[in-house]
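Trainee: So here's start22.txt, just compact mmCIF, N, CA and C atoms and all ligand atoms:
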```
# COMPACT_ATOMS: atom_id res chain seq x y z
N MET N 1 83.84 57.30 114.47
CA MET N 1 82.73 57.62 113.57
C MET N 1 83.07 57.13 112.16
N TYR N 2 82.10 56.55 111.48
CA TYR N 2 82.34 56.04 110.14
C TYR N 2 82.71 57.18 109.18
N GLY N 3 83.74 56.95 108.39
CA GLY N 3 84.13 57.96 107.41
C GLY N 3 85.02 59.04 107.97
N TRP N 4 85.33 58.94 109.27
CA TRP N 4 86.17 59.96 109.89
C TRP N 4 87.63 59.54 109.77
N PHE N 5 88.44 60.37 109.10
CA PHE N 5 89.84 60.03 108.88
C PHE N 5 90.76 61.10 109.43
N GLY N 6 91.90 60.65 109.94
CA GLY N 6 92.96 61.56 110.30
C GLY N 6 94.16 61.23 109.46
N ALA N 7 94.99 62.21 109.17
CA ALA N 7 96.18 61.95 108.35
C ALA N 7 97.29 62.90 108.75
N ASP N 8 98.52 62.42 108.63
CA ASP N 8 99.69 63.24 108.90
C ASP N 8 100.40 63.55 107.59
N TYR N 9 100.88 64.78 107.48
CA TYR N 9 101.60 65.20 106.28
C TYR N 9 102.87 65.92 106.68
N THR N 10 103.90 65.74 105.88
CA THR N 10 105.14 66.50 106.06
C THR N 10 105.50 67.12 104.71
N VAL N 11 105.72 68.41 104.70
CA VAL N 11 106.01 69.12 103.46
C VAL N 11 107.35 69.82 103.57
N ASN N 12 108.20 69.61 102.57
CA ASN N 12 109.46 70.34 102.49
C ASN N 12 109.20 71.65 101.75
N LEU N 13 109.38 72.77 102.45
CA LEU N 13 109.06 74.07 101.87
C LEU N 13 110.28 74.73 101.24
N GLY N 14 111.39 73.98 101.21
CA GLY N 14 112.54 74.47 100.46
C GLY N 14 113.62 75.12 101.31
N LEU N 15 114.71 75.44 100.61
CA LEU N 15 115.89 76.02 101.24
C LEU N 15 115.58 77.39 101.85
N VAL N 16 116.01 77.57 103.08
CA VAL N 16 115.87 78.88 103.72
C VAL N 16 117.21 79.60 103.71
N ASP N 17 118.21 78.95 104.25
CA ASP N 17 119.56 79.53 104.23
C ASP N 17 120.58 78.47 104.66
N HIS N 18 121.85 78.89 104.70
CA HIS N 18 122.91 78.04 105.22
C HIS N 18 123.28 78.57 106.60
N ARG N 19 123.33 77.68 107.56
CA ARG N 19 123.66 78.11 108.91
C ARG N 19 124.37 76.99 109.66
N GLN N 20 124.88 77.35 110.83
CA GLN N 20 125.61 76.40 111.66
C GLN N 20 124.67 75.32 112.19
N CYS N 21 125.02 74.04 111.94
CA CYS N 21 124.25 72.93 112.48
C CYS N 21 124.90 72.46 113.77
N GLU N 22 124.13 72.40 114.82
CA GLU N 22 124.70 72.00 116.12
C GLU N 22 125.06 70.52 116.17
N TYR N 23 124.50 69.72 115.23
CA TYR N 23 124.83 68.29 115.19
C TYR N 23 126.04 68.02 114.30
N CYS N 24 126.06 68.64 113.10
CA CYS N 24 127.17 68.47 112.16
C CYS N 24 128.40 69.28 112.56
N LYS N 25 128.21 70.31 113.36
CA LYS N 25 129.27 71.23 113.77
C LYS N 25 129.89 71.96 112.57
N SER N 26 129.07 72.24 111.56
CA SER N 26 129.57 73.01 110.42
C SER N 26 128.38 73.70 109.74
N ILE N 27 128.69 74.54 108.74
CA ILE N 27 127.65 75.27 108.02
C ILE N 27 126.95 74.32 107.05
N GLN N 28 125.65 74.23 107.13
CA GLN N 28 124.87 73.30 106.31
C GLN N 28 123.63 74.00 105.75
N PRO N 29 123.09 73.45 104.62
CA PRO N 29 121.84 74.00 104.10
C PRO N 29 120.66 73.58 104.99
N PHE N 30 119.79 74.54 105.27
CA PHE N 30 118.61 74.27 106.09
C PHE N 30 117.34 74.49 105.28
N HIS N 31 116.45 73.51 105.36
CA HIS N 31 115.15 73.64 104.72
C HIS N 31 114.08 73.83 105.79
N LEU N 32 113.03 74.53 105.39
CA LEU N 32 111.88 74.70 106.27
C LEU N 32 110.90 73.56 105.99
N PHE N 33 110.49 72.86 107.02
CA PHE N 33 109.52 71.78 106.90
C PHE N 33 108.26 72.14 107.66
N LEU N 34 107.14 71.71 107.11
CA LEU N 34 105.86 71.85 107.80
C LEU N 34 105.32 70.45 108.05
N ARG N 35 104.99 70.17 109.30
CA ARG N 35 104.35 68.90 109.64
C ARG N 35 102.96 69.23 110.18
N TYR N 36 101.93 68.58 109.63
CA TYR N 36 100.59 68.88 110.12
C TYR N 36 99.70 67.66 110.12
N HIS N 37 98.66 67.74 110.91
CA HIS N 37 97.70 66.64 111.05
C HIS N 37 96.32 67.18 110.70
N THR N 38 95.62 66.42 109.87
CA THR N 38 94.26 66.82 109.53
C THR N 38 93.28 65.74 109.98
N ALA N 39 92.05 66.14 110.18
CA ALA N 39 90.97 65.20 110.45
C ALA N 39 89.79 65.65 109.64
N GLY N 40 88.91 64.72 109.31
CA GLY N 40 87.74 65.12 108.54
C GLY N 40 86.98 63.94 108.00
N LEU N 41 85.91 64.25 107.27
CA LEU N 41 85.03 63.23 106.73
C LEU N 41 85.55 62.73 105.39
N TRP N 42 85.63 61.41 105.26
CA TRP N 42 85.98 60.74 104.01
C TRP N 42 87.32 61.22 103.44
N GLY N 43 88.17 61.78 104.27
CA GLY N 43 89.45 62.27 103.79
C GLY N 43 89.32 63.45 102.84
N LEU N 44 88.15 64.04 102.77
CA LEU N 44 87.90 65.12 101.81
C LEU N 44 87.56 66.43 102.50
N PHE N 45 86.63 66.37 103.46
CA PHE N 45 86.21 67.59 104.15
C PHE N 45 86.98 67.67 105.46
N ASN N 46 88.13 68.32 105.40
CA ASN N 46 89.06 68.28 106.51
C ASN N 46 89.22 69.62 107.21
N TYR N 47 89.83 69.54 108.37
CA TYR N 47 90.35 70.74 109.03
C TYR N 47 91.69 70.36 109.65
N VAL N 48 92.53 71.36 109.90
CA VAL N 48 93.86 71.13 110.44
C VAL N 48 93.79 71.13 111.96
N GLU N 49 94.25 70.03 112.55
CA GLU N 49 94.23 69.93 114.02
C GLU N 49 95.51 70.47 114.63
N ASP N 50 96.63 70.26 113.94
CA ASP N 50 97.91 70.65 114.52
C ASP N 50 98.90 70.93 113.40
N GLN N 51 99.68 71.97 113.53
CA GLN N 51 100.73 72.23 112.54
C GLN N 51 101.95 72.84 113.21
N LYS N 52 103.12 72.36 112.77
CA LYS N 52 104.38 72.85 113.33
C LYS N 52 105.40 73.02 112.22
N TYR N 53 106.18 74.07 112.34
CA TYR N 53 107.25 74.33 111.37
C TYR N 53 108.59 74.00 112.02
N PHE N 54 109.47 73.37 111.23
CA PHE N 54 110.80 73.01 111.71
C PHE N 54 111.85 73.43 110.70
N MET N 55 113.02 73.82 111.22
CA MET N 55 114.19 74.00 110.37
C MET N 55 114.97 72.69 110.43
N VAL N 56 115.26 72.11 109.26
CA VAL N 56 115.91 70.80 109.21
C VAL N 56 117.22 70.89 108.45
N CYS N 57 118.28 70.40 109.06
CA CYS N 57 119.58 70.30 108.41
C CYS N 57 119.49 69.21 107.35
N MET N 58 119.79 69.54 106.08
CA MET N 58 119.62 68.58 105.00
C MET N 58 120.76 67.55 104.94
N THR N 59 121.80 67.76 105.73
CA THR N 59 122.91 66.81 105.74
C THR N 59 122.67 65.70 106.76
N CYS N 60 122.30 66.06 107.98
CA CYS N 60 122.09 65.05 109.02
C CYS N 60 120.62 64.84 109.33
N ARG N 61 119.75 65.60 108.69
CA ARG N 61 118.30 65.52 108.92
C ARG N 61 117.92 65.86 110.36
N GLY N 62 118.81 66.54 111.03
CA GLY N 62 118.51 66.95 112.40
C GLY N 62 117.52 68.10 112.38
N ALA N 63 116.43 67.92 113.12
CA ALA N 63 115.43 68.98 113.20
C ALA N 63 115.81 69.94 114.30
N HIS N 64 115.81 71.22 113.97
CA HIS N 64 116.19 72.23 114.94
C HIS N 64 114.94 72.91 115.49
N GLU N 65 115.09 74.13 115.88
CA GLU N 65 114.00 74.79 116.59
C GLU N 65 112.73 74.87 115.75
N ALA N 66 111.61 74.73 116.44
CA ALA N 66 110.34 74.95 115.77
C ALA N 66 110.22 76.44 115.47
N VAL N 67 109.75 76.75 114.29
CA VAL N 67 109.59 78.13 113.88
C VAL N 67 108.19 78.58 114.26
N LYS N 68 108.06 79.83 114.66
CA LYS N 68 106.76 80.30 115.11
C LYS N 68 105.71 80.22 114.00
N SER N 69 104.48 80.04 114.40
CA SER N 69 103.41 79.97 113.41
C SER N 69 103.22 81.35 112.80
N GLY N 70 102.56 81.40 111.67
CA GLY N 70 102.41 82.67 110.97
C GLY N 70 103.47 82.82 109.91
N VAL N 71 104.40 81.87 109.87
CA VAL N 71 105.48 81.92 108.89
C VAL N 71 104.93 81.68 107.47
N GLU N 72 103.74 81.10 107.38
CA GLU N 72 103.16 80.81 106.06
C GLU N 72 102.78 82.07 105.30
N LYS N 73 102.73 83.21 106.00
CA LYS N 73 102.37 84.47 105.34
C LYS N 73 103.40 84.85 104.27
N GLN N 74 104.63 84.33 104.40
CA GLN N 74 105.66 84.65 103.43
C GLN N 74 105.47 83.90 102.12
N PHE N 75 104.58 82.88 102.11
CA PHE N 75 104.37 82.11 100.90
C PHE N 75 103.25 82.71 100.06
N GLU N 76 103.41 82.58 98.74
CA GLU N 76 102.38 83.06 97.84
C GLU N 76 101.09 82.26 98.02
N ARG N 77 101.28 80.94 98.13
CA ARG N 77 100.15 80.05 98.40
C ARG N 77 100.37 79.37 99.73
N HIS N 78 99.31 79.16 100.49
CA HIS N 78 99.43 78.45 101.76
C HIS N 78 99.90 77.02 101.48
N PRO N 79 100.89 76.53 102.25
CA PRO N 79 101.43 75.19 101.98
C PRO N 79 100.44 74.05 102.19
N ILE N 80 99.35 74.29 102.89
CA ILE N 80 98.34 73.24 103.08
C ILE N 80 97.20 73.49 102.08
N PRO N 81 96.86 72.47 101.26
CA PRO N 81 95.80 72.65 100.27
C PRO N 81 94.48 73.11 100.90
N PHE N 82 93.71 73.89 100.14
CA PHE N 82 92.50 74.52 100.64
C PHE N 82 91.53 73.54 101.30
N MET N 83 91.25 72.41 100.62
CA MET N 83 90.26 71.48 101.15
C MET N 83 90.74 70.78 102.42
N ARG N 84 92.05 70.71 102.62
CA ARG N 84 92.55 70.13 103.86
C ARG N 84 92.42 71.12 105.01
N ARG N 85 92.39 72.40 104.68
CA ARG N 85 92.28 73.42 105.73
C ARG N 85 90.82 73.78 106.01
N HIS N 86 90.03 73.94 104.92
CA HIS N 86 88.69 74.52 105.08
C HIS N 86 87.56 73.61 104.63
N GLY N 87 87.90 72.38 104.16
CA GLY N 87 86.87 71.48 103.63
C GLY N 87 85.75 71.20 104.61
N PHE N 88 86.11 70.99 105.88
CA PHE N 88 85.11 70.66 106.89
C PHE N 88 84.17 71.83 107.12
N TYR N 89 84.73 73.05 107.16
CA TYR N 89 83.90 74.24 107.39
C TYR N 89 83.02 74.53 106.18
N LEU N 90 83.58 74.22 104.99
CA LEU N 90 82.80 74.38 103.76
C LEU N 90 81.59 73.46 103.79
N LEU N 91 81.81 72.22 104.21
CA LEU N 91 80.72 71.25 104.31
C LEU N 91 79.70 71.72 105.34
N ALA N 92 80.17 72.18 106.50
CA ALA N 92 79.28 72.65 107.56
C ALA N 92 78.48 73.86 107.09
N ALA N 93 79.13 74.78 106.38
CA ALA N 93 78.44 75.97 105.88
C ALA N 93 77.40 75.60 104.84
N THR N 94 77.74 74.64 103.98
CA THR N 94 76.80 74.19 102.95
C THR N 94 75.58 73.54 103.58
N LEU N 95 75.81 72.69 104.58
CA LEU N 95 74.70 72.04 105.28
C LEU N 95 73.84 73.08 106.01
N GLY N 96 74.50 74.05 106.62
CA GLY N 96 73.79 75.10 107.32
C GLY N 96 72.92 75.91 106.38
N LEU N 97 73.46 76.23 105.22
CA LEU N 97 72.71 76.99 104.22
C LEU N 97 71.54 76.16 103.70
N ALA N 98 71.77 74.86 103.48
CA ALA N 98 70.71 73.98 103.00
C ALA N 98 69.58 73.90 104.02
N LEU N 99 69.91 73.78 105.30
CA LEU N 99 68.89 73.73 106.35
C LEU N 99 68.14 75.05 106.43
N PHE N 100 68.89 76.15 106.32
CA PHE N 100 68.27 77.47 106.36
C PHE N 100 67.25 77.61 105.23
N LEU N 101 67.68 77.25 104.01
CA LEU N 101 66.78 77.35 102.87
C LEU N 101 65.55 76.46 103.05
N TYR N 102 65.78 75.26 103.55
CA TYR N 102 64.70 74.30 103.72
C TYR N 102 63.65 74.81 104.70
N PHE N 103 64.10 75.26 105.87
CA PHE N 103 63.15 75.64 106.92
C PHE N 103 62.62 77.05 106.76
N VAL N 104 63.49 77.98 106.39
CA VAL N 104 63.07 79.39 106.37
C VAL N 104 62.44 79.78 105.05
N VAL N 105 63.07 79.39 103.96
CA VAL N 105 62.58 79.83 102.65
C VAL N 105 61.39 78.99 102.17
N PHE N 106 61.53 77.67 102.26
CA PHE N 106 60.49 76.82 101.70
C PHE N 106 59.35 76.51 102.65
N HIS N 107 59.62 76.61 103.97
CA HIS N 107 58.59 76.32 104.95
C HIS N 107 58.27 77.52 105.82
N GLY N 108 58.79 78.67 105.42
CA GLY N 108 58.58 79.88 106.20
C GLY N 108 57.19 80.46 105.94
N SER N 109 57.02 81.63 106.43
CA SER N 109 55.76 82.37 106.36
C SER N 109 54.83 81.83 107.41
ZN ZN B 1 123.39 68.76 110.49
```
Write the structure described by the file as structure tokens, please.
Mentor:
Amino acid sequence: MYGWFGADYTVNLGLVDHRQCEYCKSIQPFHLFLRYHTAGLWGLFNYVEDQKYFMVCMTCRGAHEAVKSGVEKQFERHPIPFMRRHGFYLLAATLGLALFLYFVVFHGS
């Protein structure tokens, strides 16, 4: 479809702790990473199709276990920008409201 874009993003959410790396065989700093894919119109009105959290060893870049979803609740702000998460629904809601006003309010009675 014209104007339909998908994009992949990877975000480093920062240091979580130091723990044993199974690849380095020693204690290393681990960062939490979020990898997600969005789709939407014109790269603006998007929704998230897939998101996964990983613990990554910052020394060898080895990705360890995927962290369960819902981990974003610990953040003050959601790591995915608002329009990338809800832009598509915002557009759909706006169109729905416009159609409602057009047919019911202006052409009703
Ligand atoms: Zn490592």
Trainee: Could you give me the residues within 8 Å of ligand ZN 1 (chain B), counting only N, CA and C atoms and all ligand atoms, as a list in words?
Mentor: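 Listing the residues within 8 Å of ligand ZN 1 (chain B) gives Gln20, Cys21, Glu22, Tyr23, Cys24, Lys25, Ser26, Ile27, Gln28, Pro29, Val56, Cys57, Met58, Thr59, Cys60, Arg61, Gly62 and Ala63 of chain N.
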Trainee: Filtering to N, CA and C atoms, could you give me those residues as an mmCIF file, in the coordinates of the input?
Mentor:
```
data_model
loop_
_atom_site.group_PDB
_atom_site.id
_atom_site.type_symbol
_atom_site.label_atom_id
_atom_site.label_comp_id
_atom_site.auth_asym_id
_atom_site.auth_seq_id
_atom_site.Cartn_x
_atom_site.Cartn_y
_atom_site.Cartn_z
ATOM 1 N N GLN N 20 124.880 77.350 110.830
ATOM 2 C CA GLN N 20 125.610 76.400 111.660
ATOM 3 C C GLN N 20 124.670 75.320 112.190
ATOM 4 N N CYS N 21 125.020 74.040 111.940
ATOM 5 C CA CYS N 21 124.250 72.930 112.480
ATOM 6 C C CYS N 21 124.900 72.460 113.770
ATOM 7 N N GLU N 22 124.130 72.400 114.820
ATOM 8 C CA GLU N 22 124.700 72.000 116.120
ATOM 9 C C GLU N 22 125.060 70.520 116.170
ATOM 10 N N TYR N 23 124.500 69.720 115.230
ATOM 11 C CA TYR N 23 124.830 68.290 115.190
ATOM 12 C C TYR N 23 126.040 68.020 114.300
ATOM 13 N N CYS N 24 126.060 68.640 113.100
ATOM 14 C CA CYS N 24 127.170 68.470 112.160
ATOM 15 C C CYS N 24 128.400 69.280 112.560
ATOM 16 N N LYS N 25 128.210 70.310 113.360
ATOM 17 C CA LYS N 25 129.270 71.230 113.770
ATOM 18 C C LYS N 25 129.890 71.960 112.570
ATOM 19 N N SER N 26 129.070 72.240 111.560
ATOM 20 C CA SER N 26 129.570 73.010 110.420
ATOM 21 C C SER N 26 128.380 73.700 109.740
ATOM 22 N N ILE N 27 128.690 74.540 108.740
ATOM 23 C CA ILE N 27 127.650 75.270 108.020
ATOM 24 C C ILE N 27 126.950 74.320 107.050
ATOM 25 N N GLN N 28 125.650 74.230 107.130
ATOM 26 C CA GLN N 28 124.870 73.300 106.310
ATOM 27 C C GLN N 28 123.630 74.000 105.750
ATOM 28 N N PRO N 29 123.090 73.450 104.620
ATOM 29 C CA PRO N 29 121.840 74.000 104.100
ATOM 30 C C PRO N 29 120.660 73.580 104.990
ATOM 31 N N VAL N 56 115.260 72.110 109.260
ATOM 32 C CA VAL N 56 115.910 70.800 109.210
ATOM 33 C C VAL N 56 117.220 70.890 108.450
ATOM 34 N N CYS N 57 118.280 70.400 109.060
ATOM 35 C CA CYS N 57 119.580 70.300 108.410
ATOM 36 C C CYS N 57 119.490 69.210 107.350
ATOM 37 N N MET N 58 119.790 69.540 106.080
ATOM 38 C CA MET N 58 119.620 68.580 105.000
ATOM 39 C C MET N 58 120.760 67.550 104.940
ATOM 40 N N THR N 59 121.800 67.760 105.730
ATOM 41 C CA THR N 59 122.910 66.810 105.740
ATOM 42 C C THR N 59 122.670 65.700 106.760
ATOM 43 N N CYS N 60 122.300 66.060 107.980
ATOM 44 C CA CYS N 60 122.090 65.050 109.020
ATOM 45 C C CYS N 60 120.620 64.840 109.330
ATOM 46 N N ARG N 61 119.750 65.600 108.690
ATOM 47 C CA ARG N 61 118.300 65.520 108.920
ATOM 48 C C ARG N 61 117.920 65.860 110.360
ATOM 49 N N GLY N 62 118.810 66.540 111.030
ATOM 50 C CA GLY N 62 118.510 66.950 112.400
ATOM 51 C C GLY N 62 117.520 68.100 112.380
ATOM 52 N N ALA N 63 116.430 67.920 113.120
ATOM 53 C CA ALA N 63 115.430 68.980 113.200
ATOM 54 C C ALA N 63 115.810 69.940 114.300
#
```
Trainee: What gap, in Å, lies between atom N of Thr38 in chain N and atom C of Leu99 in chain N?
Mentor: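 Computing the Euclidean distance for atom N of Thr38 in chain N and atom C of Leu99 in chain N yields 29.0 Å.
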Trainee: Hey, can you pull every residue with an atom no more than 7 Å from (91.4, 72.4, 111.3), using all atoms listed in the file, and send it as a compact mmCIF listing (two decimals) with N, CA and C atoms, in the frame of the given file?
Mentor:
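Output file out30.txt is given in full below:
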```txt
# COMPACT_ATOMS: atom_id res chain seq x y z
N THR N 38 95.62 66.42 109.87
CA THR N 38 94.26 66.82 109.53
C THR N 38 93.28 65.74 109.98
N ALA N 39 92.05 66.14 110.18
CA ALA N 39 90.97 65.20 110.45
C ALA N 39 89.79 65.65 109.64
N ASN N 46 88.13 68.32 105.40
CA ASN N 46 89.06 68.28 106.51
C ASN N 46 89.22 69.62 107.21
N TYR N 47 89.83 69.54 108.37
CA TYR N 47 90.35 70.74 109.03
C TYR N 47 91.69 70.36 109.65
N VAL N 48 92.53 71.36 109.90
CA VAL N 48 93.86 71.13 110.44
C VAL N 48 93.79 71.13 111.96
N GLU N 49 94.25 70.03 112.55
CA GLU N 49 94.23 69.93 114.02
C GLU N 49 95.51 70.47 114.63
N ASP N 50 96.63 70.26 113.94
CA ASP N 50 97.91 70.65 114.52
C ASP N 50 98.90 70.93 113.40
N ARG N 84 92.05 70.71 102.62
CA ARG N 84 92.55 70.13 103.86
C ARG N 84 92.42 71.12 105.01
N ARG N 85 92.39 72.40 104.68
CA ARG N 85 92.28 73.42 105.73
C ARG N 85 90.82 73.78 106.01
N HIS N 86 90.03 73.94 104.92
CA HIS N 86 88.69 74.52 105.08
C HIS N 86 87.56 73.61 104.63
```
Trainee: Env of Asp8 in chain N: 7 Å cut, atoms = only N, CA and C atoms, seq-sep filter 6 positions within chain, self excluded. Answer as a list in words.
Mentor: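 Here the answer would be Arg35, Tyr36, His37 and Thr38 of chain N.
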Trainee: Give me, as JSON, numbers by chain, the residues of chain N that a backbone DSSP run labels alpha helix (DSSP H).
Mentor: {"N": [82, 83, 84, 85, 86, 87, 88, 89, 90, 91, 92, 93, 94, 95, 96, 97, 98, 99, 100]}
Trainee: Please, could you write that set of residues out with N, CA and C atoms as a CSV table (one decimal), in the frame of the given file?
Mentor:
```csv
chain,number,residue,atom,x,y,z
N,82,PHE,N,93.7,73.9,100.1
N,82,PHE,CA,92.5,74.5,100.6
N,82,PHE,C,91.5,73.5,101.3
N,83,MET,N,91.2,72.4,100.6
N,83,MET,CA,90.3,71.5,101.2
N,83,MET,C,90.7,70.8,102.4
N,84,ARG,N,92.0,70.7,102.6
N,84,ARG,CA,92.6,70.1,103.9
N,84,ARG,C,92.4,71.1,105.0
N,85,ARG,N,92.4,72.4,104.7
N,85,ARG,CA,92.3,73.4,105.7
N,85,ARG,C,90.8,73.8,106.0
N,86,HIS,N,90.0,73.9,104.9
N,86,HIS,CA,88.7,74.5,105.1
N,86,HIS,C,87.6,73.6,104.6
N,87,GLY,N,87.9,72.4,104.2
N,87,GLY,CA,86.9,71.5,103.6
N,87,GLY,C,85.8,71.2,104.6
N,88,PHE,N,86.1,71.0,105.9
N,88,PHE,CA,85.1,70.7,106.9
N,88,PHE,C,84.2,71.8,107.1
N,89,TYR,N,84.7,73.0,107.2
N,89,TYR,CA,83.9,74.2,107.4
N,89,TYR,C,83.0,74.5,106.2
N,90,LEU,N,83.6,74.2,105.0
N,90,LEU,CA,82.8,74.4,103.8
N,90,LEU,C,81.6,73.5,103.8
N,91,LEU,N,81.8,72.2,104.2
N,91,LEU,CA,80.7,71.2,104.3
N,91,LEU,C,79.7,71.7,105.3
N,92,ALA,N,80.2,72.2,106.5
N,92,ALA,CA,79.3,72.6,107.6
N,92,ALA,C,78.5,73.9,107.1
N,93,ALA,N,79.1,74.8,106.4
N,93,ALA,CA,78.4,76.0,105.9
N,93,ALA,C,77.4,75.6,104.8
N,94,THR,N,77.7,74.6,104.0
N,94,THR,CA,76.8,74.2,103.0
N,94,THR,C,75.6,73.5,103.6
N,95,LEU,N,75.8,72.7,104.6
N,95,LEU,CA,74.7,72.0,105.3
N,95,LEU,C,73.8,73.1,106.0
N,96,GLY,N,74.5,74.0,106.6
N,96,GLY,CA,73.8,75.1,107.3
N,96,GLY,C,72.9,75.9,106.4
N,97,LEU,N,73.5,76.2,105.2
N,97,LEU,CA,72.7,77.0,104.2
N,97,LEU,C,71.5,76.2,103.7
N,98,ALA,N,71.8,74.9,103.5
N,98,ALA,CA,70.7,74.0,103.0
N,98,ALA,C,69.6,73.9,104.0
N,99,LEU,N,69.9,73.8,105.3
N,99,LEU,CA,68.9,73.7,106.4
N,99,LEU,C,68.1,75.0,106.4
N,100,PHE,N,68.9,76.2,106.3
N,100,PHE,CA,68.3,77.5,106.4
N,100,PHE,C,67.2,77.6,105.2
```
Trainee: Could you tell me how far CA of Gly3 in chain N lies from CA of Thr94 in chain N, in Å and to one decimal?
Mentor: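 Straight-line distance from CA of Gly3 in chain N to CA of Thr94 in chain N works out to 18.4 Å.
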Trainee: Which residue out of N:Phe33, N:Phe54, N:Phe103, N:Phe88 has the minimum interatomic distance to Val67 in chain N when only N, CA and C atoms are used?
Mentor: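 The closest residue to Val67 in chain N is N:Phe54.
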Trainee: Would you compute the distance between CA of Leu15 in chain N and CA of Ile80 in chain N? Give it in Å to one decimal.
Mentor: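 One can read the CA of Leu15 in chain N to CA of Ile80 in chain N distance as 17.9 Å.
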Trainee: For Ala7 in chain N, which residue out of N:Gly43, N:His107, N:Leu95, N:His64 is the nearest one, using only N, CA and C atoms?
Mentor: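 Selected residue with least distance to Ala7 in chain N: N:Gly43.
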Trainee: As a PyMOL selection string, which residues of chain N does DSSP assign to strand (DSSP E or B)?
Mentor: chain N and resi 4-21+26-41+45-57+63-67
Trainee: Got a sec: who's within 6.5 Å of Gly14 in chain N, counting only N, CA and C atoms, leaving out chain neighbours fewer than 4 positions off, as a ChimeraX atom specification?
Mentor: /N:30-33
Trainee: So which one's closest to Trp42 in chain N, N:Arg77, N:Trp4, N:Thr10, N:Val71? Using only C-alpha atoms, please.
Mentor: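 Comparing N:Arg77, N:Trp4, N:Thr10, N:Val71 against Trp42 in chain N, the winner is N:Trp4.
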Trainee: Could you give me the centre and size, in Å to one decimal, of an axis-aligned box around all listed atoms of range 48-63 of chain N with 8 Å added on every side, as JSON?
Mentor:
```
{"center_x": 107.7, "center_y": 69.6, "center_z": 109.8, "size_x": 46.4, "size_y": 25.5, "size_z": 25.7}
```
Trainee: Grab range 32-52 of chain N from that structure and dump C-alpha atoms to a file, as a PDB file, in the first residue's frame.
Mentor:
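Listing of decode.pdb after writing:
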```
ATOM      1  CA  LEU N  32      18.681  -3.706  28.843  1.00  0.00           C
ATOM      2  CA  PHE N  33      17.871  -3.346  25.140  1.00  0.00           C
ATOM      3  CA  LEU N  34      14.511  -3.004  23.481  1.00  0.00           C
ATOM      4  CA  ARG N  35      14.109  -4.063  19.865  1.00  0.00           C
ATOM      5  CA  TYR N  36      10.811  -3.281  18.174  1.00  0.00           C
ATOM      6  CA  HIS N  37       9.157  -3.080  14.790  1.00  0.00           C
ATOM      7  CA  THR N  38       6.563  -0.524  13.805  1.00  0.00           C
ATOM      8  CA  ALA N  39       4.290  -0.223  10.801  1.00  0.00           C
ATOM      9  CA  GLY N  40       2.094   2.646   9.762  1.00  0.00           C
ATOM     10  CA  LEU N  41       1.157   5.359   7.315  1.00  0.00           C
ATOM     11  CA  TRP N  42       3.840   7.755   6.061  1.00  0.00           C
ATOM     12  CA  GLY N  43       6.119   6.741   8.921  1.00  0.00           C
ATOM     13  CA  LEU N  44       4.020   8.943  11.190  1.00  0.00           C
ATOM     14  CA  PHE N  45       0.820   7.138  12.185  1.00  0.00           C
ATOM     15  CA  ASN N  46       2.286   3.934  13.523  1.00  0.00           C
ATOM     16  CA  TYR N  47       1.579   0.992  15.726  1.00  0.00           C
ATOM     17  CA  VAL N  48       3.993  -1.512  17.269  1.00  0.00           C
ATOM     18  CA  GLU N  49       3.912  -4.933  15.632  1.00  0.00           C
ATOM     19  CA  ASP N  50       6.557  -6.661  17.710  1.00  0.00           C
ATOM     20  CA  GLN N  51       8.732  -5.808  20.703  1.00  0.00           C
ATOM     21  CA  LYS N  52      11.325  -7.793  22.622  1.00  0.00           C
TER      22      LYS N  52
END
```
